[in-house]
Every structure is written in C-alpha cells, then in structure tokens.
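Engineer: Just dropping this structure here.
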2 protein chains.
Amino acid sequence: MLRAPDGRVVVTTDLLLEGRHFRCDWSSPYDIGRKAAAQNLADVAAMGARPTALVVGLGLPGELPVEWLDGLADGLRDECLPAGASVAGGDISRSESVVLGVTALGDLGGRPPVTRSGARPGDVVAFAGRLGHAAAGLALFLAGRDDLPYPDLAAAHRHPRPPYDCGPAAAGLGATAMADVSDGLVQDLGHIAAASGAGVVLDPGALPVPEPLPAAAAELGVDPLGWVLAGGDDHALVATFPADAVLPGEWRVIGEVVAGQGVQVSGYDRPEGGWDHFRE
Amino acid sequence: MLRAPDGRVVVTTDLLLEGRHFRCDWSSPYDIGRKAAAQNLADVAAMGARPTALVVGLGLPGELPVEWLDGLADGLRDECLPAGASVAGGDISRSESVVLGVTALGDLGGRPPVTRSGARPGDVVAFAGRLGHAAAGLALFLAGRDDLPYPDLAAAHRHPRPPYDCGPAAAGLGATAMADVSDGLVQDLGHIAAASGAGVVLDPGALPVPEPLPAAAAELGVDPLGWVLAGGDDHALVATFPADAVLPGEWRVIGEVVAGQGVQVSGYDRPEGGWDHFRE
C-alpha cells in the first residue's frame, strides 16, 4: 500500500529485456538496476510529479548467481534515493533471459499533470540536466577508447543523473509540455511538437557543449553537437514554458515553439537519415 | 494519471512469460489477456481494494500478427469491466517470446488494507467464488477429453471469474486476512496461516463439490475434492473473519483458524507429496 496524498497518482511502466535494452556482459547488475529505475522515475518527473515508488517484476534465469539479484536490487534502491522514491514490491519468476518489468508511481502535489500536448507557438523551449554525456560515454566504449581519462562520460553512460526535482518544479513554473530525453533531444522534442500540433526551432548556439564533450569528440573525430542533439539516455528534462516564465538556473532556454511542425535546428540541414544518424 | 480518491493506492505486479505462465499454442490471445488481467485484479481485490486500473508492459515477437495484439488487448479490457477497472496505459517492445508485465492498482475506499497476517485462532475461514473449476477444465483438456459436455469447466480454465466485489465487501465485513486462490486452496491458506502464525482446519464436508465436478471426475477416475482443495487459477477469494461476523450468501464458511500451524483437512491425511499431488 502506497500513499497517494494528492488523491491522484501518475503511473508509468516499461519492460526491459536482456539483449534488447541491456546486455549482462556489458553492464553490471547494479548499473542495470540504476538505469531501469532512472528511466521510469524520470518519466514520472516529466509529468510534473514527484516519484514515490517502484514496483518491479523480475524474470531471472535459474543459473544467475544470487549476487546478481543483490546488485540489481542495490541499483534500483540507490536510484530511488535521489528521486525521493522507494522500491515498494515485486514479483520474481524463472525466465530464459533477464526480464525487468518496472512500474513507477508519482504524486502530483495538487497540480495538474504536465503532458506532451500543451506547447503553444511563442513558448520557450528549455532543458534541465545533461545532454549528450551518456552518448559520448557509449561512443568511447564502443570505440574501445574507454581508457581515455573521461570518467564523467563513462559514469554518465553507466547510470544517468536525471534532474528529478526539476520535474515538479517545472510544473510549478507553468510548464506547458514536458518530456524526458530518453531517445535524443530532437526526437523527444519531436514527440512534443507532434502532440502539440506545433513546431520547434532550436538555437544551436544556445546548446551547451561543455568539456569534456569537445575533447572526447576530437579523439573520435566526430561532432560533439551530434551527441547533444541526438544522444539519448541522459534523461534530461525538456519542457516548454510561456515566454514570460521566470526560469531558475537549472533551466536553460535553447529554442522556441513556432507555428508549423517538426523540429528544426537553425542553420543546420536535417542530416541524411535524420538525427538518428548521429546516434551510436 | 489515475484517480486515487482514498489518498492511498494498492499496487500489485506480475511478469507473465510465454512457455512458463501461458502457451500461445494452447490459449488464444484473448484468453491470455483475460487471465493476465484477472490474476492481478484478483490480487488487488484480495487486499480489500477496488481495482481501478491496469498498466501493461508488452514484449512481442516481430512476426506476431497484429490480430494477436488486438485479441490480447480485448481480453485485458473485457476482464477489467467486471472488476470496475480500465487499462490505463502501457509500453510495447520487440521480444523473442511474448512477455507481459501487468501492474494493477486499486483504491481502499477509506479502509485499511487486508493482509495475510491478521488471522487469529477462533476466526472462521470462508471463501467466495468458485473452487476447482479451472483445474477440472485443465484436467479434461490435458486428458484430451475436452470433447465432454462440460462447457462451464472448459470456460473456467480459459478465463477465471474472480468475485471482485467480494474483496472490498470482505474488508467492510471485518475480514482479518485474505488471499485469492491462485495456487490452490490449501496452499494459499497455508500462506495466510504462516503469515498469521496460526493454523487452519478445513471441514471437507463444508467444501462444495457441485456438478459437473463429480461427473467430470468420474470420467477421469479422480477425486473431485482434489480439484477443490488444490486446484488453482479460479481466483476465488478466501478470507478469515471474526467468529461473530455475519457473512452474506456469497461467502461460505469452510473451516476455522486454530492455534498451531499449517493447514489440515479434517479426516484426511496429508497426501504423499503434499496437496500438490492433486494438481494436474
């Protein structure tokens, strides 16, 4: 039994499958738990709600050592802490491969939920959290260059740090639409644009490309802006606000909502194959 | 976003795996959906809560026809109807085999949740719903005798009919402990006995063995009481009540809570191999 002080509850669920959403030979059980929890808790925060609880259905192969389950449980628990939530229960079955069914619940604190469909032309687009760090860490890993001295990027790939508190705060600031950046900034803003019947124009000059992203990109010979625009898995929050909203420092304005459709990046042609082209 | 008028919410989650919990060559997608929903909704009712919503995470093989998903969705929806709930959302992934992660939520209507640990010596044990019908239907199917004219048993095996309304009603009647019969009456009462630190004695003469159970059992040469005592999947509700509780007709008293431990059936020795011996 969970508290739902608001009298309403937001719920989100994801099924995470070994080999498709994670690989047990690439990720520790702890990191798999952190990521699985982060993905759902960030989705709750993106509705403007405070995450309260996770329930987890687990399918585990019989030969998996008990330490593996311990690691997973530790990861789930540790990711709940910064979100203010807890693991409330679960269910375990025998399975051929590892399966995680993660459901997160959240409390709206008396505010209406923030959806993806409320962006209006004239709104500003802003984000909180980090962009491109997990993608850079993954790119270094895939290139066999995780020996390079960028521990922040490797850590970002291993487990994201979603800005959970910024979700309910954005609702209080009047956010008109919000999502967490799981598939990439352009793609997730595209969902907001489509749901809102509007377009988005991003100002690439406003997009932060902090070190060590440029240094790591130089090592690999790629454009670090690609990671920022198309990299997923950092679970930043991206939201639209009325133009006169006063946004605290956690939020950085990177564009605006316009009449039209789709997401444009000023001065950039849409790359061949779409923005996914940038994704590793 | 879901209503949680009580200010609290009960949650239950299950992972259902093809080949382990269901077989796509034995069950239609509609029946798989009905059973998956019933299992979780009955669990919510057994806490004394009114089921409000399901959220479903689906893993589906790419070659599965879209009609399969339609059938599953219809089954989930149709089972929500008698429970007073609805399918509130979900998530779909590509998967090697069919995986269902089902989470059900419920509202307590201002009452404390009923747990498994509150049974006290002197309480009566009662059940609502049906016992043994799904097991009989499965036994006929496995014996290749589903040609016999017992459509109720075949239907009970295809989809249970849990007495959803009896769960919150039992809470209102003062139930001290409750569970749904998913693994078999003796086994599920055993969980209540263990959690409560007490024993249970069942009166086999009080256990209903209605037609067509005796007729079907005669065809197969088995004892129909085995289905009633050990058959799962009907999702009857079994609860303990203070001895002076006035129970309406939906509830039938079948035994009592005693000092001690475990579940005894008066006049029966515990069968070799335990009550599971009876299970098909």
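In the structure tokens, chains take letters A, B, ... by order of appearance, with residues numbered from 1 within each chain and ligands from 1 in the order shown.
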Would you pick out the contacts of A:Trp68 at 12 Å or less, using only C-alpha atoms, so that residues sharing its chain but fewer than 2 positions from it are not included, and give the list as a list in words?

Structural biologist: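 Listing them by chain and then by number gives Cys24, Ser27, Ser28, Pro29, Tyr30, Asp31, Ile32, Gly33, Leu60, Pro61, Gly62, Glu63, Leu64, Pro65, Val66, Asp70, Gly71, Leu72, Ala73, Asp74, Gly75 and Val98 of chain A.
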
Engineer: Which chain A residues are at most 6 Å from chain B (counting only C-alpha atoms), as a compact mmCIF listing (two decimals) with all heavy atoms, in the first residue's frame?

Structural biologist:
# COMPACT_ATOMS: atom_id res chain seq x y z
N MET A 1 0.84 -1.19 0.00
CA MET A 1 0.00 0.00 0.00
C MET A 1 0.87 1.24 0.00
O MET A 1 1.84 1.33 0.75
CB MET A 1 -0.88 0.00 1.25
CG MET A 1 -1.98 1.01 1.22
SD MET A 1 -2.51 1.39 2.90
CE MET A 1 -1.07 2.20 3.56
N LEU A 2 0.56 2.18 -0.87
CA LEU A 2 1.37 3.38 -1.03
C LEU A 2 0.53 4.61 -0.75
O LEU A 2 -0.67 4.63 -1.01
CB LEU A 2 1.89 3.46 -2.46
CG LEU A 2 2.67 2.22 -2.93
CD1 LEU A 2 2.88 2.28 -4.42
CD2 LEU A 2 3.98 2.13 -2.18
N ARG A 3 1.18 5.64 -0.27
CA ARG A 3 0.47 6.90 -0.06
C ARG A 3 0.25 7.59 -1.41
O ARG A 3 1.11 7.55 -2.29
CB ARG A 3 1.25 7.81 0.89
CG ARG A 3 1.36 7.22 2.30
CD ARG A 3 2.06 8.18 3.25
NE ARG A 3 1.31 9.40 3.41
CZ ARG A 3 1.75 10.62 3.12
NH1 ARG A 3 2.97 10.78 2.65
NH2 ARG A 3 1.00 11.67 3.30
N ALA A 4 -0.89 8.19 -1.55
CA ALA A 4 -1.21 8.98 -2.75
C ALA A 4 -1.89 10.24 -2.25
O ALA A 4 -3.08 10.44 -2.44
CB ALA A 4 -2.12 8.20 -3.69
N PRO A 5 -1.11 11.10 -1.57
CA PRO A 5 -1.72 12.23 -0.84
C PRO A 5 -2.52 13.17 -1.72
O PRO A 5 -3.43 13.85 -1.26
CB PRO A 5 -0.51 12.94 -0.21
CG PRO A 5 0.70 12.40 -0.90
CD PRO A 5 0.34 11.06 -1.42
N GLY A 7 -4.54 12.32 -4.01
CA GLY A 7 -5.83 11.77 -4.45
C GLY A 7 -5.81 11.36 -5.91
O GLY A 7 -6.81 10.93 -6.46
N ARG A 8 -4.64 11.54 -6.55
CA ARG A 8 -4.44 11.03 -7.91
C ARG A 8 -3.05 10.42 -7.93
O ARG A 8 -2.24 10.66 -7.04
CB ARG A 8 -4.48 12.17 -8.93
CG ARG A 8 -5.80 12.89 -9.00
CD ARG A 8 -5.68 14.15 -9.85
NE ARG A 8 -4.69 15.07 -9.25
CZ ARG A 8 -4.34 16.23 -9.81
NH1 ARG A 8 -4.88 16.61 -10.95
NH2 ARG A 8 -3.45 17.01 -9.22
N VAL A 9 -2.77 9.64 -8.93
CA VAL A 9 -1.45 9.03 -9.00
C VAL A 9 -1.07 8.94 -10.47
O VAL A 9 -1.91 8.72 -11.33
CB VAL A 9 -1.46 7.65 -8.29
CG1 VAL A 9 -2.36 6.67 -9.01
CG2 VAL A 9 -0.09 7.09 -8.11
N VAL A 10 0.21 9.25 -10.79
CA VAL A 10 0.68 9.01 -12.15
C VAL A 10 1.46 7.69 -12.14
O VAL A 10 2.10 7.33 -11.15
CB VAL A 10 1.55 10.15 -12.72
CG1 VAL A 10 0.76 11.44 -12.76
CG2 VAL A 10 2.83 10.32 -11.96
N ASP A 14 7.55 0.14 -17.96
CA ASP A 14 8.45 -0.24 -19.05
C ASP A 14 8.87 -1.68 -18.85
O ASP A 14 9.06 -2.14 -17.73
CB ASP A 14 9.74 0.61 -19.03
CG ASP A 14 9.57 1.90 -19.77
OD1 ASP A 14 9.09 1.88 -20.91
OD2 ASP A 14 9.94 2.94 -19.21
N LEU A 15 9.03 -2.34 -19.97
CA LEU A 15 9.56 -3.70 -19.96
C LEU A 15 10.98 -3.62 -20.51
O LEU A 15 11.19 -3.08 -21.60
CB LEU A 15 8.68 -4.56 -20.87
CG LEU A 15 8.59 -6.03 -20.62
CD1 LEU A 15 8.15 -6.33 -19.21
CD2 LEU A 15 7.61 -6.63 -21.62
N GLY A 57 8.70 -6.34 -11.57
CA GLY A 57 8.53 -7.75 -11.90
C GLY A 57 9.80 -8.23 -12.56
O GLY A 57 10.28 -7.63 -13.51
N ASP A 91 7.89 -9.08 -7.83
CA ASP A 91 7.46 -10.44 -8.17
C ASP A 91 8.61 -11.05 -8.95
O ASP A 91 9.20 -10.40 -9.80
CB ASP A 91 6.20 -10.33 -9.05
CG ASP A 91 5.85 -11.61 -9.78
OD1 ASP A 91 5.57 -12.59 -9.09
OD2 ASP A 91 5.87 -11.62 -11.02
N GLY A 101 10.23 -5.83 -15.55
CA GLY A 101 9.04 -5.02 -15.74
C GLY A 101 9.02 -3.99 -14.62
O GLY A 101 8.83 -4.35 -13.46

Engineer: With only C-alpha atoms as the atoms that count, which of B:Asp123, B:Asp146, B:Asp152, B:Asp25 lies nearest to B:Pro210?

Structural biologist: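 Looking at the shortest contact to B:Pro210, the residue is B:Asp152.
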
Engineer: Identify, with DSSP run on backbone atoms, the residues in stretch 57-271 of chain A assigned to helix (DSSP H, G or I), and express the list as a PyMOL selection string.

Structural biologist: chain A and resi 66-83+133-142+151-158+166-172+185-196+204-206+213-220+224-230

Engineer: Contacts of A:Ala143 at 12 Å or less, counting only C-alpha atoms, minus same-chain residues fewer than 2 places along, as a PyMOL selection string?

Structural biologist: chain A and resi 136-141+145-148+216-217+219-222+280

Engineer: Residues as selected, all heavy atoms, written as a compact mmCIF listing (two decimals), in the first residue's frame, can you do that?

Structural biologist:
# COMPACT_ATOMS: atom_id res chain seq x y z
N ALA A 136 28.19 10.13 -25.39
CA ALA A 136 29.65 10.24 -25.52
C ALA A 136 30.33 9.07 -24.81
O ALA A 136 31.28 8.47 -25.33
CB ALA A 136 30.13 11.58 -24.95
N GLY A 137 29.84 8.74 -23.63
CA GLY A 137 30.42 7.61 -22.89
C GLY A 137 30.25 6.31 -23.65
O GLY A 137 31.16 5.48 -23.72
N LEU A 138 29.08 6.13 -24.24
CA LEU A 138 28.83 4.91 -25.03
C LEU A 138 29.73 4.88 -26.26
O LEU A 138 30.30 3.83 -26.61
CB LEU A 138 27.36 4.85 -25.44
CG LEU A 138 26.96 3.66 -26.34
CD1 LEU A 138 27.24 2.33 -25.65
CD2 LEU A 138 25.50 3.76 -26.75
N ALA A 139 29.90 6.05 -26.93
CA ALA A 139 30.74 6.11 -28.13
C ALA A 139 32.18 5.74 -27.79
O ALA A 139 32.84 5.00 -28.55
CB ALA A 139 30.67 7.50 -28.76
N LEU A 140 32.68 6.24 -26.67
CA LEU A 140 34.04 5.89 -26.25
C LEU A 140 34.14 4.39 -25.98
O LEU A 140 35.11 3.73 -26.38
CB LEU A 140 34.43 6.67 -24.99
CG LEU A 140 34.65 8.18 -25.19
CD1 LEU A 140 34.71 8.88 -23.83
CD2 LEU A 140 35.93 8.44 -25.99
N PHE A 141 33.14 3.85 -25.32
CA PHE A 141 33.13 2.42 -25.00
C PHE A 141 33.13 1.58 -26.29
O PHE A 141 33.92 0.65 -26.45
CB PHE A 141 31.89 2.11 -24.14
CG PHE A 141 31.72 0.66 -23.81
CD1 PHE A 141 32.46 0.07 -22.78
CD2 PHE A 141 30.83 -0.14 -24.52
CE1 PHE A 141 32.30 -1.27 -22.47
CE2 PHE A 141 30.66 -1.48 -24.21
CZ PHE A 141 31.41 -2.05 -23.19
N ARG A 145 37.75 3.05 -26.57
CA ARG A 145 38.56 4.14 -26.04
C ARG A 145 38.12 4.54 -24.63
O ARG A 145 38.30 5.68 -24.21
CB ARG A 145 38.50 5.37 -26.96
CG ARG A 145 38.98 5.11 -28.38
CD ARG A 145 40.40 4.54 -28.42
NE ARG A 145 41.37 5.38 -27.68
CZ ARG A 145 41.96 6.45 -28.22
NH1 ARG A 145 41.71 6.81 -29.46
NH2 ARG A 145 42.83 7.17 -27.51
N ASP A 146 37.53 3.60 -23.91
CA ASP A 146 37.11 3.93 -22.55
C ASP A 146 38.31 3.96 -21.60
O ASP A 146 38.16 4.14 -20.39
CB ASP A 146 36.00 3.00 -22.04
CG ASP A 146 36.23 1.54 -22.39
OD1 ASP A 146 37.02 1.28 -23.32
OD2 ASP A 146 35.64 0.67 -21.75
N ASP A 147 39.54 3.80 -22.18
CA ASP A 147 40.75 4.05 -21.40
C ASP A 147 41.02 5.54 -21.27
O ASP A 147 41.82 5.96 -20.43
CB ASP A 147 41.95 3.39 -22.11
CG ASP A 147 42.13 3.92 -23.52
OD1 ASP A 147 41.14 3.90 -24.29
OD2 ASP A 147 43.24 4.36 -23.87
N LEU A 148 40.37 6.36 -22.12
CA LEU A 148 40.61 7.80 -22.09
C LEU A 148 40.12 8.39 -20.77
O LEU A 148 39.18 7.88 -20.18
CB LEU A 148 39.91 8.48 -23.27
CG LEU A 148 40.53 8.15 -24.64
CD1 LEU A 148 39.65 8.69 -25.76
CD2 LEU A 148 41.94 8.73 -24.75
N ALA A 216 36.54 14.73 -26.09
CA ALA A 216 36.26 13.34 -26.42
C ALA A 216 35.87 13.21 -27.89
O ALA A 216 36.27 12.25 -28.58
CB ALA A 216 35.15 12.79 -25.52
N ALA A 217 35.09 14.17 -28.39
CA ALA A 217 34.67 14.13 -29.79
C ALA A 217 35.87 14.27 -30.72
O ALA A 217 35.93 13.61 -31.78
CB ALA A 217 33.64 15.22 -30.06
N GLU A 219 38.88 13.24 -30.11
CA GLU A 219 39.58 11.94 -30.12
C GLU A 219 38.93 10.98 -31.11
O GLU A 219 39.60 10.15 -31.73
CB GLU A 219 39.54 11.30 -28.72
CG GLU A 219 40.26 12.08 -27.64
CD GLU A 219 41.75 11.73 -27.57
OE1 GLU A 219 42.22 10.94 -28.41
OE2 GLU A 219 42.41 12.25 -26.66
N LEU A 220 37.62 11.07 -31.22
CA LEU A 220 36.90 10.12 -32.08
C LEU A 220 36.64 10.68 -33.47
O LEU A 220 36.11 9.97 -34.34
CB LEU A 220 35.57 9.73 -31.42
CG LEU A 220 35.66 9.01 -30.07
CD1 LEU A 220 34.27 8.63 -29.57
CD2 LEU A 220 36.54 7.77 -30.16
N GLY A 221 36.96 11.99 -33.65
CA GLY A 221 36.74 12.59 -34.96
C GLY A 221 35.28 12.79 -35.31
O GLY A 221 34.87 12.63 -36.45
N VAL A 222 34.46 13.15 -34.31
CA VAL A 222 33.04 13.39 -34.57
C VAL A 222 32.65 14.77 -34.05
O VAL A 222 33.44 15.45 -33.36
CB VAL A 222 32.14 12.32 -33.89
CG1 VAL A 222 32.49 10.92 -34.42
CG2 VAL A 222 32.28 12.36 -32.36
N GLU A 280 24.95 6.63 -31.79
CA GLU A 280 25.87 5.47 -31.88
C GLU A 280 25.06 4.20 -31.84
O GLU A 280 24.11 4.10 -31.12
CB GLU A 280 26.87 5.51 -30.72
CG GLU A 280 27.68 6.79 -30.69
CD GLU A 280 28.52 6.98 -31.94
OE1 GLU A 280 29.04 5.98 -32.46
OE2 GLU A 280 28.65 8.12 -32.39

Engineer: Just list as a PyMOL selection string whatever in stretch 76-255 of chain A DSSP marks as strand (DSSP E).

Structural biologist: chain A and resi 86-94+99-107+124-128+177-180+199-202+237-241+252-255

Engineer: Work out how far apart atom CA of B:Ala236 and atom CA of B:Gly249 are and give it in Å to one decimal.

Structural biologist: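 Between atom CA of B:Ala236 and atom CA of B:Gly249 the gap works out to 14.5 Å.
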
Engineer: Kindly give the distance, in Å, that separates atom CA of B:Ala215 and atom CA of B:Pro149, rounded to a single decimal.

Structural biologist: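 Rounded to one decimal, the two atoms are 10.3 Å apart.
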
Engineer: Separation of atom CA of A:Gly132 and atom CA of A:Val87, in Å?

Structural biologist: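 If I compute the distance from atom CA of A:Gly132 to atom CA of A:Val87, I get 28.6 Å.
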